[in-house]
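Q: Following this message is one structure expressed as structure tokens.
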Protein chains: 2
Amino acid sequence: MTIWFATGNLHKREELAAILKGRRIQIPSQGGIPFEPEETGATFLENALIKARVLYRRVLAPVIADDSGLCVDALGGRPGIFSARYGSEGTKSLDAGERNALLLRELEFTSHRSARFVCAMVLLLHEDRFFVVQETLEGEIIRESRGSGGFGYDPILYLPDKGCTVAELKEEEKNRISHRGKAGRVIGEILASMPDRP
Amino acid sequence: MTIWFATGNLHKREELAAILKGRRIQIPSQGGIPFEPEETGATFLENALIKARVLYRRVLAPVIADDSGLCVDALGGRPGIFSARYGSEGTKSLDAGERNALLLRELEFTSHRSARFVCAMVLLLHEDRFFVVQETLEGEIIRESRGSGGFGYDPILYLPDKGCTVAELKEEEKNRISHRGKAGRVIGEILASMPDRP
């Protein structure tokens with residue numbers, strides 16, 4: 001059975017397909033479905049639920065949606081839900097490298113480096129029936145970008161346990177420990193263990 | 001390991017202990033902890049998260065919280081999150097029998113009887129790490145209360161598949177199919193399947 005994934009990001013689709021081994025994952029653009037939800041929520045959870053419901057109303061079938069970002073303690077949790085739009089002004093938006101450089105400049109004079117990736121992932125089976133997992137990956141903002149794997153803020157989140165940044169992990173290792181990997185596996189377990197569920 | 005359950009309701013504690021067989025469930029009053037969260041959320045999910053966070057900040061240990069209610073389609077989803085306070089004015093609140101009678105009067109002249117119990121249950125492991133399950137029990141509002149089991153609106157929700165109201169089910173059968181039973185078992189599975197979790 002196909003599960004719809006409420007994203008326009010093919011990279012995220014590949015990542016989820018790898019986490020939910022063997023499940024067919026379809027994204028709106030593959031079904032010719034316009035998908036431009038207004039992410040007006042105040043939290044990752046609210047935005048993930050908004051995306052899931054917008055797509056559910058189009059497909060009337062089980063939907064997975066996520067919302068993720070980087071929360072930096074010295075910035076009071078910023079950029080948080082605005083991670084993808086961080087540093088953007090009007091129609092001018094920054095690319096990932098520019099966002100990372102901006103964040104490093106913001107933190108230049110502080111030794112308070114703790115930060116985490118957060119992912120809220122929703123499996124919506126019906127308007128009133130859903131599951132949510134919110135998971136984290138704890139780390140520290142490094143002084144200079146390192147690594148070429150992953151995407152987004154991966155090159156600037158350093159993992160003391162691993163001795164490297166997220167962008168320096170192999171993809172399999174990243175999926176094993178990442179916020180999105182951990183959340184996705186719980187959703188996969190819920191899908192697998194429920195006989196009446198897709 | 002003990003799990004805290006964010007409720008003041010001993011009956012709910014017994015129900016959850018039966019669903020999560022073998023786990024030690026403790027409620028705030030048993031630990032001498034004052035617990036009067038302001039349920040200011042707009043949804044079951046928001047209220048469940050509020051309760052979980054309020055207790056988490058007191059105990060700094062894993063917490064389960066739920067918020068449940070009855071949603072009647074002919075009333076646009078009412079009483080919903082106000083189920084426990086339905087019909088109350090100022091400090092005067094109705095007991096369950098009075099609430100049920102009021103609801104039956106509100107629906108006296110409509111044949112549109114579909115309704116459901118909804119339960120949002122949260123397992124909060126840490127400020128940013130949590131799981132949520134929202135489950136439903138679909139039925140119809142009966143014309144006259146029936147049955148003496150359960151509590152709350154159980155005597156007026158009729159289950160066509162079962163040929164009886166929720167209050168006429170044996171406790172074990174109710175826990176097997178109920179909104180709270182289904183949600184609780186998913187939380188139990190999540191607890192059981194995660195080696196690094198409590």
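Each chain in the structure tokens gets a letter, A, B, ..., in the order shown, and its residues are numbered from 1; ligands are numbered from 1 in order too.
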Write out as a ChimeraX atom specification which residues come within 6 Å of Thr136 of chain A when counting only C-alpha atoms, dropping same-chain ones fewer than 3 positions away.

A: /A:117-118,179

Q: Could you write out as a PyMOL selection string the residues of chain B within 7 Å of chain A, counting only C-alpha atoms?

A: chain B and resi 128-136

Q: Write down as a list in words the residues of segment 90-131 of chain B whose backbone DSSP state falls under strand (DSSP E or B).

A: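 The strand (DSSP E or B) subset of segment 90-131 of chain B is Lys92, Ser114, Ala115, Arg116, Phe117, Val118, Cys119, Ala120, Met121, Val122, Leu123, Leu124, Leu125, His126, Arg129, Phe130 and Phe131 of chain B.
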
Q: Since we have the selection now, will you write its residues out, keeping C-alpha atoms, as a PDB file, in the first residue's frame?

A:
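Output saved as part-v6.pdb:
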ATOM      1  CA  LYS B  92     -22.146  25.186  39.273  1.00  0.00           C
ATOM      2  CA  SER B 114     -23.271  10.164  14.583  1.00  0.00           C
ATOM      3  CA  ALA B 115     -20.654  10.900  17.251  1.00  0.00           C
ATOM      4  CA  ARG B 116     -17.331   9.659  18.512  1.00  0.00           C
ATOM      5  CA  PHE B 117     -15.175   9.518  21.586  1.00  0.00           C
ATOM      6  CA  VAL B 118     -11.747  10.982  20.906  1.00  0.00           C
ATOM      7  CA  CYS B 119      -8.638  10.485  23.034  1.00  0.00           C
ATOM      8  CA  ALA B 120      -5.286  12.202  22.541  1.00  0.00           C
ATOM      9  CA  MET B 121      -2.603  10.516  24.641  1.00  0.00           C
ATOM     10  CA  VAL B 122       0.927  11.853  25.061  1.00  0.00           C
ATOM     11  CA  LEU B 123       4.069  10.156  26.298  1.00  0.00           C
ATOM     12  CA  LEU B 124       6.561  12.907  27.128  1.00  0.00           C
ATOM     13  CA  LEU B 125      10.118  11.661  27.654  1.00  0.00           C
ATOM     14  CA  HIS B 126      11.799  15.044  27.686  1.00  0.00           C
ATOM     15  CA  ARG B 129      10.886  14.334  22.845  1.00  0.00           C
ATOM     16  CA  PHE B 130       7.366  12.960  22.841  1.00  0.00           C
ATOM     17  CA  PHE B 131       4.860  10.634  21.242  1.00  0.00           C
TER      18      PHE B 131
END

Q: Distance atom CA of Arg13 of chain A-atom CA of Ala42 of chain A, one decimal place?

A: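 Distance reported for this atom pair: 24.4 Å.
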
Q: Write out as a PyMOL selection string which residues come within 10 Å of segment 157-168 of chain A when counting only C-alpha atoms, dropping same-chain ones fewer than 6 positions away.

A: chain A and resi 70+100+113-117+137-151+174+177-178

Q: Find the residue from B:Arg176, B:Lys12, B:Arg78, B:Lys182 that sits nearest to Leu107 of chain B; use only C-alpha atoms when measuring.

A: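 Smallest separation from Leu107 of chain B among the options: B:Arg78.
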
Q: Give me the residues within 9 Å of segment 52-66 of chain B as a PyMOL selection string, counting only C-alpha atoms and dropping any in the same chain fewer than 2 places off.

A: chain B and resi 2-7+28+33+35-37+44-45+47-50+68+119-127+180+187+198

Q: Using only C-alpha atoms, find the one residue out of B:Leu169, B:Ala74, B:Ala192, B:Ile27 that sits nearest to Glu108 of chain B.

A: B:Ala74

Q: Run DSSP on the backbone of this structure and report the residues of segment 37-169 of chain A it assigns to alpha helix (DSSP H), as a PyMOL selection string.

A: chain A and resi 44-59+96-106

Q: Using only N, CA, C and O atoms, please write the residues we just selected to a file, as an mmCIF file, in the first residue's frame.

A:
data_model
loop_
_atom_site.group_PDB
_atom_site.id
_atom_site.type_symbol
_atom_site.label_atom_id
_atom_site.label_comp_id
_atom_site.auth_asym_id
_atom_site.auth_seq_id
_atom_site.Cartn_x
_atom_site.Cartn_y
_atom_site.Cartn_z
ATOM 1 N N PHE A 44 6.814 22.838 15.624
ATOM 2 C CA PHE A 44 7.047 21.805 14.616
ATOM 3 C C PHE A 44 5.806 20.911 14.490
ATOM 4 O O PHE A 44 5.379 20.567 13.389
ATOM 5 N N LEU A 45 5.256 20.542 15.651
ATOM 6 C CA LEU A 45 4.094 19.656 15.667
ATOM 7 C C LEU A 45 2.915 20.274 14.914
ATOM 8 O O LEU A 45 2.269 19.619 14.081
ATOM 9 N N GLU A 46 2.628 21.536 15.197
ATOM 10 C CA GLU A 46 1.488 22.180 14.528
ATOM 11 C C GLU A 46 1.706 22.243 13.019
ATOM 12 O O GLU A 46 0.786 21.977 12.239
ATOM 13 N N ASN A 47 2.919 22.581 12.601
ATOM 14 C CA ASN A 47 3.173 22.654 11.157
ATOM 15 C C ASN A 47 3.092 21.281 10.492
ATOM 16 O O ASN A 47 2.588 21.161 9.373
ATOM 17 N N ALA A 48 3.579 20.254 11.174
ATOM 18 C CA ALA A 48 3.489 18.905 10.591
ATOM 19 C C ALA A 48 2.031 18.490 10.440
ATOM 20 O O ALA A 48 1.633 17.925 9.410
ATOM 21 N N LEU A 49 1.211 18.808 11.447
ATOM 22 C CA LEU A 49 -0.217 18.458 11.363
ATOM 23 C C LEU A 49 -0.917 19.242 10.251
ATOM 24 O O LEU A 49 -1.769 18.700 9.550
ATOM 25 N N ILE A 50 -0.556 20.515 10.093
ATOM 26 C CA ILE A 50 -1.144 21.320 9.008
ATOM 27 C C ILE A 50 -0.829 20.675 7.661
ATOM 28 O O ILE A 50 -1.707 20.452 6.828
ATOM 29 N N LYS A 51 0.442 20.341 7.427
ATOM 30 C CA LYS A 51 0.831 19.736 6.144
ATOM 31 C C LYS A 51 0.087 18.423 5.926
ATOM 32 O O LYS A 51 -0.399 18.147 4.823
ATOM 33 N N ALA A 52 0.012 17.594 6.982
ATOM 34 C CA ALA A 52 -0.642 16.288 6.838
ATOM 35 C C ALA A 52 -2.114 16.465 6.477
ATOM 36 O O ALA A 52 -2.636 15.791 5.584
ATOM 37 N N ARG A 53 -2.782 17.402 7.145
ATOM 38 C CA ARG A 53 -4.223 17.574 6.898
ATOM 39 C C ARG A 53 -4.485 18.136 5.516
ATOM 40 O O ARG A 53 -5.442 17.741 4.846
ATOM 41 N N VAL A 54 -3.649 19.088 5.060
ATOM 42 C CA VAL A 54 -3.838 19.667 3.724
ATOM 43 C C VAL A 54 -3.758 18.556 2.678
ATOM 44 O O VAL A 54 -4.605 18.463 1.784
ATOM 45 N N LEU A 55 -2.769 17.693 2.801
ATOM 46 C CA LEU A 55 -2.627 16.619 1.801
ATOM 47 C C LEU A 55 -3.720 15.566 1.968
ATOM 48 O O LEU A 55 -4.278 15.077 0.981
ATOM 49 N N TYR A 56 -4.039 15.236 3.237
ATOM 50 C CA TYR A 56 -5.084 14.218 3.474
ATOM 51 C C TYR A 56 -6.387 14.608 2.780
ATOM 52 O O TYR A 56 -7.060 13.771 2.171
ATOM 53 N N ARG A 57 -6.733 15.879 2.861
ATOM 54 C CA ARG A 57 -8.000 16.325 2.261
ATOM 55 C C ARG A 57 -7.987 16.190 0.738
ATOM 56 O O ARG A 57 -9.030 16.142 0.115
ATOM 57 N N ARG A 58 -6.801 16.159 0.149
ATOM 58 C CA ARG A 58 -6.709 15.948 -1.302
ATOM 59 C C ARG A 58 -6.753 14.461 -1.656
ATOM 60 O O ARG A 58 -7.355 14.083 -2.658
ATOM 61 N N VAL A 59 -6.092 13.611 -0.869
ATOM 62 C CA VAL A 59 -5.938 12.202 -1.267
ATOM 63 C C VAL A 59 -6.852 11.244 -0.501
ATOM 64 O O VAL A 59 -7.072 10.114 -0.944
ATOM 65 N N ALA A 96 21.648 27.017 1.637
ATOM 66 C CA ALA A 96 22.047 26.376 2.894
ATOM 67 C C ALA A 96 23.404 26.885 3.377
ATOM 68 O O ALA A 96 23.595 27.152 4.575
ATOM 69 N N GLY A 97 24.352 27.053 2.456
ATOM 70 C CA GLY A 97 25.683 27.523 2.840
ATOM 71 C C GLY A 97 25.632 28.918 3.440
ATOM 72 O O GLY A 97 26.305 29.206 4.438
ATOM 73 N N GLU A 98 24.807 29.778 2.853
ATOM 74 C CA GLU A 98 24.677 31.150 3.368
ATOM 75 C C GLU A 98 24.013 31.160 4.750
ATOM 76 O O GLU A 98 24.402 31.931 5.644
ATOM 77 N N ARG A 99 23.010 30.298 4.926
ATOM 78 C CA ARG A 99 22.350 30.216 6.243
ATOM 79 C C ARG A 99 23.334 29.741 7.314
ATOM 80 O O ARG A 99 23.366 30.270 8.431
ATOM 81 N N ASN A 100 24.133 28.746 6.967
ATOM 82 C CA ASN A 100 25.106 28.239 7.935
ATOM 83 C C ASN A 100 26.117 29.320 8.304
ATOM 84 O O ASN A 100 26.454 29.502 9.478
ATOM 85 N N ALA A 101 26.589 30.057 7.296
ATOM 86 C CA ALA A 101 27.566 31.121 7.556
ATOM 87 C C ALA A 101 26.956 32.193 8.450
ATOM 88 O O ALA A 101 27.603 32.691 9.390
ATOM 89 N N LEU A 102 25.714 32.544 8.193
ATOM 90 C CA LEU A 102 25.019 33.549 9.004
ATOM 91 C C LEU A 102 24.904 33.093 10.457
ATOM 92 O O LEU A 102 25.166 33.855 11.397
ATOM 93 N N LEU A 103 24.548 31.832 10.648
ATOM 94 C CA LEU A 103 24.394 31.302 12.007
ATOM 95 C C LEU A 103 25.734 31.299 12.735
ATOM 96 O O LEU A 103 25.820 31.676 13.913
ATOM 97 N N LEU A 104 26.796 30.909 12.047
ATOM 98 C CA LEU A 104 28.121 30.914 12.687
ATOM 99 C C LEU A 104 28.516 32.333 13.087
ATOM 100 O O LEU A 104 29.077 32.542 14.164
ATOM 101 N N ARG A 105 28.170 33.308 12.253
ATOM 102 C CA ARG A 105 28.475 34.703 12.614
ATOM 103 C C ARG A 105 27.665 35.118 13.851
ATOM 104 O O ARG A 105 28.185 35.770 14.759
ATOM 105 N N GLU A 106 26.411 34.717 13.902
ATOM 106 C CA GLU A 106 25.574 35.078 15.064
ATOM 107 C C GLU A 106 26.146 34.529 16.367
ATOM 108 O O GLU A 106 25.953 35.093 17.437
#

Q: Could you state the separation of atom CA of Leu20 of chain A and atom CA of Glu172 of chain A in Å, given to one decimal place?

A: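 Spanning atom CA of Leu20 of chain A to atom CA of Glu172 of chain A is a straight-line distance of 12.8 Å.
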
Q: What is the atom CA of Thr43 of chain A-atom CA of Thr43 of chain B distance in Å, reported with one decimal?

A: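 Atom CA of Thr43 of chain A sits 14.4 Å away from atom CA of Thr43 of chain B.
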